[in-house]
Number of protein chains: 4
Amino acid sequence: MTDKPTLGVGMVGYAFMGRAHSIGWRTAPSVFDLPVRPEMRALVGRNSQATAAAAAALGWADTETDWRALLDRDDIDLIDICTPGDTHAEIAIAALAAGKHVLCEKPLANTVSEAEAMAAAAAEAERSGVRAMVGFNYRRVPAAALARELIAAGRLGTVRHVRAVYLQDWIVDPQFPLVWRLRKDAAGSGALGDIGAHIIDLAQFMLGEKISGVSGLTETFVKTRPLPEATPGAAGLSGSSRGTEVGEVTVDDATLFTARFAGGAVGSFEATRFATGRKNELRIEVNGSAGSLVFDMESMNELLFYDGTEPDQTAGFRKILVTEPTHPYLHAWWPPGHLLGWDHSFVHEVRDLVTAIADGGELRPSFADGLQVQRVLQAVLESAEKSSSWQQIPD
Amino acid sequence: MTDKPTLGVGMVGYAFMGRAHSIGWRTAPSVFDLPVRPEMRALVGRNSQATAAAAAALGWADTETDWRALLDRDDIDLIDICTPGDTHAEIAIAALAAGKHVLCEKPLANTVSEAEAMAAAAAEAERSGVRAMVGFNYRRVPAAALARELIAAGRLGTVRHVRAVYLQDWIVDPQFPLVWRLRKDAAGSGALGDIGAHIIDLAQFMLGEKISGVSGLTETFVKTRPLPEATPGAAGLSGSSRGTEVGEVTVDDATLFTARFAGGAVGSFEATRFATGRKNELRIEVNGSAGSLVFDMESMNELLFYDGTEPDQTAGFRKILVTEPTHPYLHAWWPPGHLLGWDHSFVHEVRDLVTAIADGGELRPSFADGLQVQRVLQAVLESAEKSSSWQQIPD
Amino acid sequence: MTDKPTLGVGMVGYAFMGRAHSIGWRTAPSVFDLPVRPEMRALVGRNSQATAAAAAALGWADTETDWRALLDRDDIDLIDICTPGDTHAEIAIAALAAGKHVLCEKPLANTVSEAEAMAAAAAEAERSGVRAMVGFNYRRVPAAALARELIAAGRLGTVRHVRAVYLQDWIVDPQFPLVWRLRKDAAGSGALGDIGAHIIDLAQFMLGEKISGVSGLTETFVKTRPLPEATPGAAGLSGSSRGTEVGEVTVDDATLFTARFAGGAVGSFEATRFATGRKNELRIEVNGSAGSLVFDMESMNELLFYDGTEPDQTAGFRKILVTEPTHPYLHAWWPPGHLLGWDHSFVHEVRDLVTAIADGGELRPSFADGLQVQRVLQAVLESAEKSSSWQQIPD
Amino acid sequence: MTDKPTLGVGMVGYAFMGRAHSIGWRTAPSVFDLPVRPEMRALVGRNSQATAAAAAALGWADTETDWRALLDRDDIDLIDICTPGDTHAEIAIAALAAGKHVLCEKPLANTVSEAEAMAAAAAEAERSGVRAMVGFNYRRVPAAALARELIAAGRLGTVRHVRAVYLQDWIVDPQFPLVWRLRKDAAGSGALGDIGAHIIDLAQFMLGEKISGVSGLTETFVKTRPLPEATPGAAGLSGSSRGTEVGEVTVDDATLFTARFAGGAVGSFEATRFATGRKNELRIEVNGSAGSLVFDMESMNELLFYDGTEPDQTAGFRKILVTEPTHPYLHAWWPPGHLLGWDHSFVHEVRDLVTAIADGGELRPSFADGLQVQRVLQAVLESAEKSSSWQQIPD
């Protein structure tokens, strides 16, 4: 019913992120007038039966049990990597080498050296028109994108302060099991890499500036936890199955750090899974010489904006309901006042990715961006190991 | 890839509501484990070219230019009516007579007599297992459904007060054109029937009680408006095209009414399109002898709950983030703290509708429910015409 | 230490309102540079011992057991009436006849005829320079005064909607005793006259317009209550002492009404003592063609303002923290961001009253204003008795 | 009119803090039933005329131009020190030696060594029943005191996180003059000592635990500013008068630090005068294993409390309106729902101080507490000078 060119997509992994990406792939073409039509061609999982069931539910036409199979399929133009961080480098580098575009979930990798190899592969692939993006989806929340627009337009003047937290509470219970996200070998780090990475990327995105140095501390409040029962395709966020054995938590439960930005602003960052009552609270406040902004994922359709040029009599933080056609991504959605949800950020991610692939335009966050975030993460951990002493971030 | 039975769906209309319903039909099967698999088989619109484009974008397999064509198609099991209110009765009654299940957008009809005929047809069809539902989608917002659960569980005690408003501002500008929603012949009434109907239904749903009487007033602030340019398939909410001719606004810009509920509570209701700055603010507060609740669509993932049995020292309105697996509809979605959007209510609507069709369970709001809302709307208009004098609602 | 002229004040009653007024009289001279220095000369109460204790605590120099004694004292220039409403008329009329300025707590009286006599007495006294004011203290909350300023300056354009509620919950418990505020003979009416009067006055003040007609309903949820033990000087808000006898509640627990304003706006009003969890929630929203405002006493240092002339991209309800020197009354207080409390409204009331007495300037709300509020109250009750039928307010 | 014993008070300084303390001294006896009656006997200022005017306005009976005069006056029992920090040590030590109780504004001193001398003097004086307190007034805000109560009662379980900010914006404008608060010689430090000291004290008070170590950074965004015109008794917060000369800002505009508490919690602290739009935003969030709390001075009558023992279905941050008679300090004030203001914290401070003096009970924050805060401040500055490296706080 349409003669748009198609883009064949294969996705690796179908747990939490895989489900969210599926919504993105399925919904984007019906909301946005995309230059190409993505087709959900193959889902990859190790367990063939479970993968088939997931594919049926999520709308993928076919399945594979080895991601390498995608490399040889001509009908696959793009590989979407939704697996744990320790597998990202291998899959992404192979995919790019095979000429497949890549969307890689964040964090880009578990180590800086992996991330360097991935960024190099992406730079190489780019020369032949093969594109790569890392999936920091919060950039695609309209209110966050509006924050970026206002700062870029100078509405905040010189930025002085960034205050960023990402607070969750899903492991407050010491009996919550030792899932892969709590193991350094699989996850690289804990709260820092999982959710801290998001606020690092988002703050830098909003400011259009990089973090130049950090001082940090990490804490693991609960040192040992029950091992989970073996479960195929375990989601990492589910705590339903617990074994009787106990294992050591090898990542941070919480990480705090202070930072300086290249443009002179100072910042405070915190990522934790022990903030009782905070379920998915990603909050960033930015203060500049001419104004301030507050973005909060628990009120993700709103952006607070203080215009310091207003007369005192009527100045105040205004709650912009980011649902106007003039707001980022919103022209394609509903009338003003109709809210979007968290998963719509993946719809926007697909839209931006597909559009850039089609028109060759800029595609951010790039693997180079992902590598830089990785360097910040590493510097924070180094500082924490060295009595919180200041660490410069290499360019 | 699945051997579930299918349910063939045909939808009439593809403007604002048609787009939202399409999201519902497309997304529900991937989120919920439905007993049958709905298939989006045919989209109906008068203009064949525009309809084909819409079908391609929204994911409908086929198109028709006359809704009657659906009646004869064996592959169509359900007809989803997304047209203006003056067409609902004819289509719905014919569809039910043809043995098709019906989902009909609200308000059920433009007049009580149409609604009575529809409710009779639905009752008749029900006897042969043909089901009908009216699309008051806000019942399917998880926080609203949680409100219902808490009240039904007695957490509020005896309900004393309902305070309900639905505030928009899209016609504050007197140059906004005279779209069909501002014409009595097409829309039946203005703010009252369009958005007032939602808060009537939602308040009665939450309380599990009917309104027994009302006293109302209506107001049309802007008496004449420019006629819109003729536009095929005009959405009714778009003000982009304006003609030079002027026409009379024949519906209410705003309606206010007080009410009494069967159980003794008193209520205050207001629907307006002139609340500058309020884009889609549907807000309901309920006070009972043991507690209170506040639901607000501009914060649709939250429910405020005051538990009057708490000691004074720690009592307070708590902001429940309605994203836990124990909350209505949420078991199938994301981890806690990940927000849903307005259009997810249509996903839930499809889930409830399809489930009830498959298992023969209760299906609400029924056409009888829609008729009762229509009677409240009529009583409000009558009161407004009779110096706001009290009008009992017939059972 | 100062040679300012003094103003001798005598106050009748020392319960809830008397305590609040005492704070006003005591604090105003230290915060504002007043043209005259009020002196707290005599406190009147029937029980001499209790009155002496109250005077010592509240800072009154002397006591009387009969308010008539104040009429003859040359050192008393002003009589501040803080007694229940059924005594206002007699005291105020006698005081004005004796050449004493009068501050009378709201509501002005329990009946329109009493209020008419009081307004006539005030008009007569005014000719000889004797001033009278009714104590609608909420006009003196800075955020409410700022609302008035913004509306008067045209920032809202043509006002379309007023939405006003005053919600309390102190008699939700059916065992709360039948205090004087629940008896028609002492209090005139219930929620309507006690707190509904405040929102009527405040809404009219903000708009600078009068209500022209109303349609109302009243409800008494709990029909009988335990009689309180006899307590001298009972405060009316205390439920600590309960007897075993039961009496009939003769006032409204809740009153709702719709209204029209002289300028074309429509309004919704509600006063209740059964809004569980709402302790002293006075909230007024005003929508105009060019903007909107929300004032809420539970956030009394804030005013929400939506400027409809802002571009969509950055428009939003801004939370003005009303603590800037440019805000009403604030030049005399603290640096920005330091909040005021409820009782500071009485400091401002004293400041405005004393200033107008000294310089002969306008003094509002006048007894004529109080009378007009009384007429609105009476019209609401009449409408409630006549099937909610519309009642015009006589000029 | 009362035969309570009196407590003669002399106050040094009458700028911002002196005005606030005067409200406290004047109002406390009328609100609380104090065991002694404080009398405002003498105000001290260098300029006799200005001091006399201030005394008349603020309600002090007499004046002195040298604070030493208070030492010899038998009618002075207590000296209240409201001068800049560089004068605290000399006055306080002399007062204690002269047997006068002391209330000293925070921070206790500008240096640790001064604070040590003061704490020693206070310990010495205590032996003869002479009492000393440092004026961290925020402990006396009812919601902060309630936070302390809930944590002490174990409602938060083991505390994991503290997140504390104190944000102001009064020197964002680079033309704001170099007032004494921006000079290290007079103020000791900038944002850190002025407002950072408050959140250090308040966080430690709430937790009942001390900070054990810190890592910090400081920043001065605007390095030079116009010198102010010479003004006697300049308030330090007023920017009205500017000279043409320029001087160097010798204190921090902003300070950020991370911290560990003795009980294992980690903390994030920030004090800044460059948070555009934040006027006096003191905000502390505490997360524990069983619950969480948020206190915010911009909503000072509220405390947010998340009870982690609630079932998921109804758990949420509840907004406790801290105006119930069961809440700290509130039994003496108004009915529920009537808000207090910032200056009422000084009324409570006077109440607690006077009560402890009368009954010999515990009096906190003591000078030892003030010294400990000073040690934290110094450790933060040291860390900032040493590449943010971790600094332990000596006991």
# chains A, B, ... in the order shown; residues from 1 in each chain; ligands from 1
>>> select_by_dssp(residues="stretch 141-382 of chain D", states="strand (DSSP E or B)", output="MDAnalysis selection string")
chainID D and resid 159:167 211:219 224:226 246:248 254:261 266:272 281:288 291:296 302:307 317:321
>>> closest_atom_pairs(of="chain B", to="chain C", cutoff="8 Å", atoms="only C-alpha atoms", output="tab-separated table")
residue	atom	partner	partner_atom	distance
B:Arg160	CA	C:Phe274	CA	7.1
B:His161	CA	C:Ala275	CA	7.2
B:Val172	CA	C:Ser289	CA	6.2
B:Asp173	CA	C:Ser289	CA	7.8
B:Ser215	CA	C:Ser388	CA	6.6
B:Gly216	CA	C:Thr258	CA	8.0
B:Leu217	CA	C:Thr258	CA	7.8
B:Glu219	CA	C:Val266	CA	7.9
B:Phe221	CA	C:Arg160	CA	7.8
B:Leu256	CA	C:Thr258	CA	7.2
B:Phe257	CA	C:Thr258	CA	7.3
B:Thr258	CA	C:Leu256	CA	7.1
B:Val266	CA	C:Glu219	CA	7.9
B:Ser268	CA	C:Leu256	CA	7.3
B:Phe274	CA	C:Arg160	CA	7.1
B:Ala275	CA	C:Asn287	CA	5.3
B:Thr276	CA	C:Gly291	CA	5.8
B:Gly277	CA	C:Tyr306	CA	6.1
B:Asn287	CA	C:Ala275	CA	5.3
B:Gly288	CA	C:Thr276	CA	6.5
B:Ser289	CA	C:Val172	CA	6.2
B:Ala290	CA	C:Thr276	CA	7.1
B:Gly291	CA	C:Thr276	CA	5.8
B:Ser292	CA	C:Thr276	CA	6.0
B:Tyr306	CA	C:Gly277	CA	6.1
B:Asp307	CA	C:Gly277	CA	8.0
B:Gly308	CA	C:Thr276	CA	6.8
B:Gly316	CA	C:Gly277	CA	6.8
B:Phe317	CA	C:Gly277	CA	7.1
B:Ser387	CA	C:Trp390	CA	5.2
B:Ser388	CA	C:Ser389	CA	5.2
B:Ser389	CA	C:Ser389	CA	4.2
B:Trp390	CA	C:Ser387	CA	5.2
>>> write_last_selection(atoms="C-alpha atoms", output="tab-separated table (two decimals), in the first residue's frame")
chain	number	residue	atom	x	y	z
B	160	ARG	CA	-19.77	13.18	50.08
B	161	HIS	CA	-18.33	15.29	47.28
B	172	VAL	CA	-10.37	31.08	23.08
B	173	ASP	CA	-9.35	32.91	19.93
B	215	SER	CA	-28.94	22.14	37.86
B	216	GLY	CA	-26.97	23.76	35.07
B	217	LEU	CA	-26.08	26.79	33.06
B	219	GLU	CA	-22.66	29.96	27.99
B	221	PHE	CA	-18.90	33.50	24.89
B	256	LEU	CA	-21.43	24.25	34.54
B	257	PHE	CA	-23.75	22.17	36.64
B	258	THR	CA	-24.29	20.95	40.17
B	266	VAL	CA	-23.20	16.28	45.85
B	268	SER	CA	-19.87	20.13	40.84
B	274	PHE	CA	-12.29	28.72	27.28
B	275	ALA	CA	-9.92	27.91	30.16
B	276	THR	CA	-6.82	29.63	28.85
B	277	GLY	CA	-3.74	27.56	29.56
B	287	ASN	CA	-14.16	13.30	49.13
B	288	GLY	CA	-15.58	10.59	51.32
B	289	SER	CA	-16.05	10.15	55.03
B	290	ALA	CA	-12.89	8.03	55.24
B	291	GLY	CA	-10.66	9.46	52.53
B	292	SER	CA	-10.27	11.44	49.36
B	306	TYR	CA	-5.78	10.81	51.33
B	307	ASP	CA	-6.34	8.09	53.86
B	308	GLY	CA	-8.45	9.57	56.62
B	316	GLY	CA	-1.50	13.64	53.81
B	317	PHE	CA	-2.45	13.35	50.18
B	387	SER	CA	-33.48	29.16	34.87
B	388	SER	CA	-31.21	26.45	36.23
B	389	SER	CA	-34.12	24.74	37.97
B	390	TRP	CA	-33.46	21.25	39.25
>>> residues_around(residues="D:Phe205", least_positions_apart="4", cutoff="10 Å", atoms="only C-alpha atoms", output="NGL selection string")
:D and (139 or 144-145 or 147-148 or 199-201 or 209-210 or 364-365 or 369)
>>> write_last_selection(atoms="all heavy atoms", output="mmCIF file, in the first residue's frame")
data_model
loop_
_atom_site.group_PDB
_atom_site.id
_atom_site.type_symbol
_atom_site.label_atom_id
_atom_site.label_comp_id
_atom_site.auth_asym_id
_atom_site.auth_seq_id
_atom_site.Cartn_x
_atom_site.Cartn_y
_atom_site.Cartn_z
ATOM 1 N N ARG D 139 15.982 24.377 62.239
ATOM 2 C CA ARG D 139 15.571 23.254 63.077
ATOM 3 C C ARG D 139 14.190 23.480 63.671
ATOM 4 O O ARG D 139 13.536 22.527 64.083
ATOM 5 C CB ARG D 139 16.543 23.088 64.256
ATOM 6 C CG ARG D 139 17.920 22.601 63.900
ATOM 7 C CD ARG D 139 18.683 22.316 65.181
ATOM 8 N NE ARG D 139 20.033 21.820 64.929
ATOM 9 C CZ ARG D 139 20.711 21.034 65.755
ATOM 10 N NH1 ARG D 139 20.167 20.695 66.927
ATOM 11 N NH2 ARG D 139 21.916 20.632 65.459
ATOM 12 N N ALA D 144 10.562 20.491 59.534
ATOM 13 C CA ALA D 144 11.912 19.952 59.750
ATOM 14 C C ALA D 144 11.966 19.190 61.067
ATOM 15 O O ALA D 144 12.599 18.129 61.170
ATOM 16 C CB ALA D 144 12.938 21.089 59.736
ATOM 17 N N ALA D 145 11.294 19.736 62.065
ATOM 18 C CA ALA D 145 11.267 19.051 63.358
ATOM 19 C C ALA D 145 10.494 17.736 63.256
ATOM 20 O O ALA D 145 10.855 16.736 63.883
ATOM 21 C CB ALA D 145 10.643 19.973 64.413
ATOM 22 N N ALA D 147 10.378 15.929 60.547
ATOM 23 C CA ALA D 147 11.313 15.021 59.865
ATOM 24 C C ALA D 147 12.217 14.346 60.896
ATOM 25 O O ALA D 147 12.436 13.136 60.870
ATOM 26 C CB ALA D 147 12.144 15.791 58.835
ATOM 27 N N ARG D 148 12.762 15.154 61.799
ATOM 28 C CA ARG D 148 13.597 14.603 62.866
ATOM 29 C C ARG D 148 12.839 13.551 63.673
ATOM 30 O O ARG D 148 13.370 12.468 63.952
ATOM 31 C CB ARG D 148 14.088 15.734 63.781
ATOM 32 C CG ARG D 148 14.748 15.264 65.055
ATOM 33 C CD ARG D 148 16.065 14.595 64.760
ATOM 34 N NE ARG D 148 16.617 13.815 65.864
ATOM 35 C CZ ARG D 148 17.065 12.577 65.739
ATOM 36 N NH1 ARG D 148 17.019 11.958 64.553
ATOM 37 N NH2 ARG D 148 17.571 11.932 66.759
ATOM 38 N N ILE D 199 22.342 23.767 55.794
ATOM 39 C CA ILE D 199 21.962 22.407 55.385
ATOM 40 C C ILE D 199 22.837 21.352 56.047
ATOM 41 O O ILE D 199 22.396 20.234 56.282
ATOM 42 C CB ILE D 199 21.917 22.227 53.849
ATOM 43 C CG1 ILE D 199 23.164 22.779 53.157
ATOM 44 C CG2 ILE D 199 20.662 22.884 53.294
ATOM 45 C CD1 ILE D 199 23.179 22.534 51.642
ATOM 46 N N ILE D 200 24.069 21.711 56.380
ATOM 47 C CA ILE D 200 24.905 20.775 57.155
ATOM 48 C C ILE D 200 24.258 20.545 58.518
ATOM 49 O O ILE D 200 24.065 19.412 58.957
ATOM 50 C CB ILE D 200 26.337 21.333 57.315
ATOM 51 C CG1 ILE D 200 27.042 21.352 55.959
ATOM 52 C CG2 ILE D 200 27.128 20.523 58.346
ATOM 53 C CD1 ILE D 200 28.326 22.173 55.942
ATOM 54 N N ASP D 201 23.924 21.645 59.180
ATOM 55 C CA ASP D 201 23.314 21.487 60.501
ATOM 56 C C ASP D 201 21.991 20.750 60.412
ATOM 57 O O ASP D 201 21.707 19.857 61.217
ATOM 58 C CB ASP D 201 23.079 22.862 61.151
ATOM 59 C CG ASP D 201 22.407 22.705 62.514
ATOM 60 O OD1 ASP D 201 23.089 22.209 63.436
ATOM 61 O OD2 ASP D 201 21.217 23.024 62.660
ATOM 62 N N GLU D 209 22.921 12.265 63.321
ATOM 63 C CA GLU D 209 24.221 11.683 62.999
ATOM 64 C C GLU D 209 25.141 12.756 62.469
ATOM 65 O O GLU D 209 24.688 13.695 61.827
ATOM 66 C CB GLU D 209 24.085 10.675 61.847
ATOM 67 C CG GLU D 209 23.672 9.301 62.239
ATOM 68 C CD GLU D 209 23.598 8.412 61.008
ATOM 69 O OE1 GLU D 209 24.411 8.599 60.080
ATOM 70 O OE2 GLU D 209 22.717 7.552 60.989
ATOM 71 N N LYS D 210 26.437 12.534 62.651
ATOM 72 C CA LYS D 210 27.392 13.503 62.146
ATOM 73 C C LYS D 210 27.962 13.085 60.794
ATOM 74 O O LYS D 210 28.035 11.903 60.471
ATOM 75 C CB LYS D 210 28.537 13.673 63.150
ATOM 76 C CG LYS D 210 28.074 14.381 64.406
ATOM 77 C CD LYS D 210 29.227 14.647 65.360
ATOM 78 C CE LYS D 210 28.682 15.354 66.604
ATOM 79 N NZ LYS D 210 29.714 15.430 67.667
ATOM 80 N N ARG D 364 19.873 22.718 72.291
ATOM 81 C CA ARG D 364 20.599 22.455 71.066
ATOM 82 C C ARG D 364 20.070 23.364 69.968
ATOM 83 O O ARG D 364 18.907 23.711 69.994
ATOM 84 C CB ARG D 364 20.399 20.982 70.629
ATOM 85 C CG ARG D 364 20.779 19.973 71.658
ATOM 86 C CD ARG D 364 22.263 19.787 71.776
ATOM 87 N NE ARG D 364 22.854 19.218 70.582
ATOM 88 C CZ ARG D 364 23.003 17.904 70.330
ATOM 89 N NH1 ARG D 364 22.595 17.028 71.209
ATOM 90 N NH2 ARG D 364 23.579 17.481 69.238
ATOM 91 N N PRO D 365 20.833 23.729 68.957
ATOM 92 C CA PRO D 365 22.222 23.369 68.755
ATOM 93 C C PRO D 365 23.142 24.154 69.680
ATOM 94 O O PRO D 365 23.081 25.382 69.757
ATOM 95 C CB PRO D 365 22.470 23.746 67.294
ATOM 96 C CG PRO D 365 21.438 24.762 66.969
ATOM 97 C CD PRO D 365 20.272 24.482 67.833
ATOM 98 N N ASP D 369 27.900 21.991 68.856
ATOM 99 C CA ASP D 369 27.298 21.666 67.558
ATOM 100 C C ASP D 369 27.764 22.655 66.491
ATOM 101 O O ASP D 369 28.074 22.281 65.360
ATOM 102 C CB ASP D 369 25.763 21.710 67.641
ATOM 103 C CG ASP D 369 25.186 20.629 68.554
ATOM 104 O OD1 ASP D 369 25.757 19.518 68.606
ATOM 105 O OD2 ASP D 369 24.157 20.895 69.203
#
>>> closest_residue(among="B:Met300, B:Leu43, B:Leu207, B:Met133", to="B:Gly157", atoms="only C-alpha atoms")
B:Leu207
>>> select_by_dssp(residues="stretch 140-341 of chain B", states="helix (DSSP H, G or I)", output="PyMOL selection string")
chain B and resi 140+142-152+180-182+184-187+191-207+297-299+312-314+330-332
>>> closest_residue(among="B:Arg273, B:His338, B:Arg73, B:Arg318", to="B:Gly8", atoms="only C-alpha atoms")
B:Arg73
>>> residues_around(residues="stretch 184-191 of chain D", least_positions_apart="6", cutoff="8 Å", atoms="only C-alpha atoms", output="list in words")
Pro84, Gly85, Asp86, Ala109, Asn110, Thr111, Thr250, Val251, Asp252, Asp253, Ala254, Thr255, Ala271, Thr272 and Arg273 of chain D
>>> write_last_selection(atoms="all heavy atoms", output="short mmCIF file (atom, residue, chain, number, x, y, z; two decimals), in the first residue's frame")
data_model
loop_
_atom_site.label_atom_id
_atom_site.label_comp_id
_atom_site.auth_asym_id
_atom_site.auth_seq_id
_atom_site.Cartn_x
_atom_site.Cartn_y
_atom_site.Cartn_z
N PRO D 84 27.68 40.32 61.92
CA PRO D 84 28.44 39.44 61.01
C PRO D 84 29.36 38.50 61.79
O PRO D 84 29.75 38.77 62.94
CB PRO D 84 29.25 40.43 60.16
CG PRO D 84 28.41 41.68 60.15
CD PRO D 84 27.80 41.74 61.52
N GLY D 85 29.74 37.41 61.14
CA GLY D 85 30.44 36.31 61.79
C GLY D 85 31.79 36.66 62.41
O GLY D 85 32.22 36.01 63.37
N ASP D 86 32.45 37.69 61.89
CA ASP D 86 33.79 38.00 62.41
C ASP D 86 33.75 38.59 63.82
O ASP D 86 34.78 38.70 64.47
CB ASP D 86 34.54 38.93 61.45
CG ASP D 86 33.79 40.22 61.19
OD1 ASP D 86 32.56 40.26 61.42
OD2 ASP D 86 34.42 41.19 60.75
N ALA D 109 31.11 30.97 63.97
CA ALA D 109 32.27 31.85 63.83
C ALA D 109 32.75 31.77 62.40
O ALA D 109 32.20 31.02 61.59
CB ALA D 109 33.36 31.43 64.79
N ASN D 110 33.79 32.54 62.11
CA ASN D 110 34.34 32.47 60.75
C ASN D 110 35.45 31.43 60.62
O ASN D 110 35.83 31.07 59.51
CB ASN D 110 34.88 33.85 60.33
CG ASN D 110 33.74 34.74 59.84
OD1 ASN D 110 32.58 34.32 59.85
ND2 ASN D 110 34.08 35.95 59.41
N THR D 111 36.01 30.98 61.75
CA THR D 111 37.09 30.00 61.69
C THR D 111 36.88 28.94 62.76
O THR D 111 36.18 29.17 63.75
CB THR D 111 38.46 30.66 61.94
OG1 THR D 111 38.47 31.12 63.30
CG2 THR D 111 38.73 31.82 61.00
N THR D 250 36.14 37.45 47.37
CA THR D 250 37.11 36.57 48.01
C THR D 250 36.45 35.35 48.66
O THR D 250 37.07 34.64 49.44
CB THR D 250 37.91 37.36 49.07
OG1 THR D 250 36.99 38.12 49.86
CG2 THR D 250 38.90 38.29 48.41
N VAL D 251 35.19 35.13 48.33
CA VAL D 251 34.51 33.93 48.83
C VAL D 251 33.91 33.14 47.67
O VAL D 251 33.92 33.61 46.53
CB VAL D 251 33.38 34.30 49.83
CG1 VAL D 251 33.94 35.02 51.05
CG2 VAL D 251 32.30 35.12 49.15
N ASP D 252 33.42 31.96 48.00
CA ASP D 252 32.79 31.11 46.99
C ASP D 252 31.39 31.59 46.62
O ASP D 252 30.59 31.92 47.48
CB ASP D 252 32.69 29.68 47.53
CG ASP D 252 31.96 29.61 48.88
OD1 ASP D 252 32.47 30.22 49.86
OD2 ASP D 252 30.88 29.01 48.93
N ASP D 253 31.09 31.59 45.33
CA ASP D 253 29.71 31.82 44.88
C ASP D 253 28.88 30.54 45.06
O ASP D 253 27.67 30.60 45.26
CB ASP D 253 29.70 32.19 43.38
CG ASP D 253 30.21 33.60 43.13
OD1 ASP D 253 30.15 34.43 44.04
OD2 ASP D 253 30.68 33.85 42.00
N ALA D 254 29.57 29.42 44.93
CA ALA D 254 28.88 28.13 45.02
C ALA D 254 29.86 27.09 45.54
O ALA D 254 31.05 27.14 45.24
CB ALA D 254 28.37 27.70 43.64
N THR D 255 29.35 26.17 46.34
CA THR D 255 30.15 25.05 46.82
C THR D 255 29.31 23.78 46.74
O THR D 255 28.15 23.77 47.15
CB THR D 255 30.61 25.29 48.27
OG1 THR D 255 31.52 26.39 48.30
CG2 THR D 255 31.31 24.06 48.83
N ALA D 271 25.52 24.48 47.94
CA ALA D 271 25.08 25.81 48.36
C ALA D 271 25.50 26.77 47.26
O ALA D 271 26.66 26.78 46.85
CB ALA D 271 25.74 26.20 49.68
N THR D 272 24.55 27.57 46.80
CA THR D 272 24.90 28.50 45.73
C THR D 272 24.03 29.75 45.79
O THR D 272 22.89 29.71 46.27
CB THR D 272 24.74 27.87 44.33
OG1 THR D 272 25.12 28.84 43.33
CG2 THR D 272 23.30 27.45 44.06
N ARG D 273 24.60 30.82 45.30
CA ARG D 273 23.86 32.07 45.13
C ARG D 273 23.66 32.37 43.65
O ARG D 273 23.37 33.50 43.27
CB ARG D 273 24.65 33.21 45.79
CG ARG D 273 24.71 33.09 47.32
CD ARG D 273 25.86 33.91 47.89
NE ARG D 273 25.79 33.97 49.36
CZ ARG D 273 26.80 34.41 50.12
NH1 ARG D 273 27.94 34.81 49.57
NH2 ARG D 273 26.67 34.45 51.44
#
>>> residues_around(residues="A:Pro328", least_positions_apart="5", cutoff="8 Å", atoms="only C-alpha atoms", output="ChimeraX atom specification")
/A:142-143,145-146
>>> write_last_selection(atoms="N, CA, C and O atoms", output="compact mmCIF listing (two decimals), in the first residue's frame")
# COMPACT_ATOMS: atom_id res chain seq x y z
N PRO A 142 10.33 14.61 24.46
CA PRO A 142 10.14 15.98 23.96
C PRO A 142 10.59 17.08 24.93
O PRO A 142 11.20 18.06 24.51
N ALA A 143 10.29 16.91 26.21
CA ALA A 143 10.66 17.96 27.16
C ALA A 143 12.18 18.09 27.28
O ALA A 143 12.71 19.19 27.46
N ALA A 145 14.26 17.37 24.82
CA ALA A 145 14.68 17.99 23.56
C ALA A 145 14.37 19.48 23.56
O ALA A 145 15.14 20.30 23.03
N LEU A 146 13.27 19.85 24.18
CA LEU A 146 12.95 21.28 24.30
C LEU A 146 13.97 21.99 25.20
O LEU A 146 14.38 23.12 24.93
>>> residues_around(residues="C:Leu70", least_positions_apart="2", cutoff="12 Å", atoms="only C-alpha atoms", output="PyMOL selection string")
chain C and resi 8-12+41-45+62-68+72-81+91-92+94-96+98-102
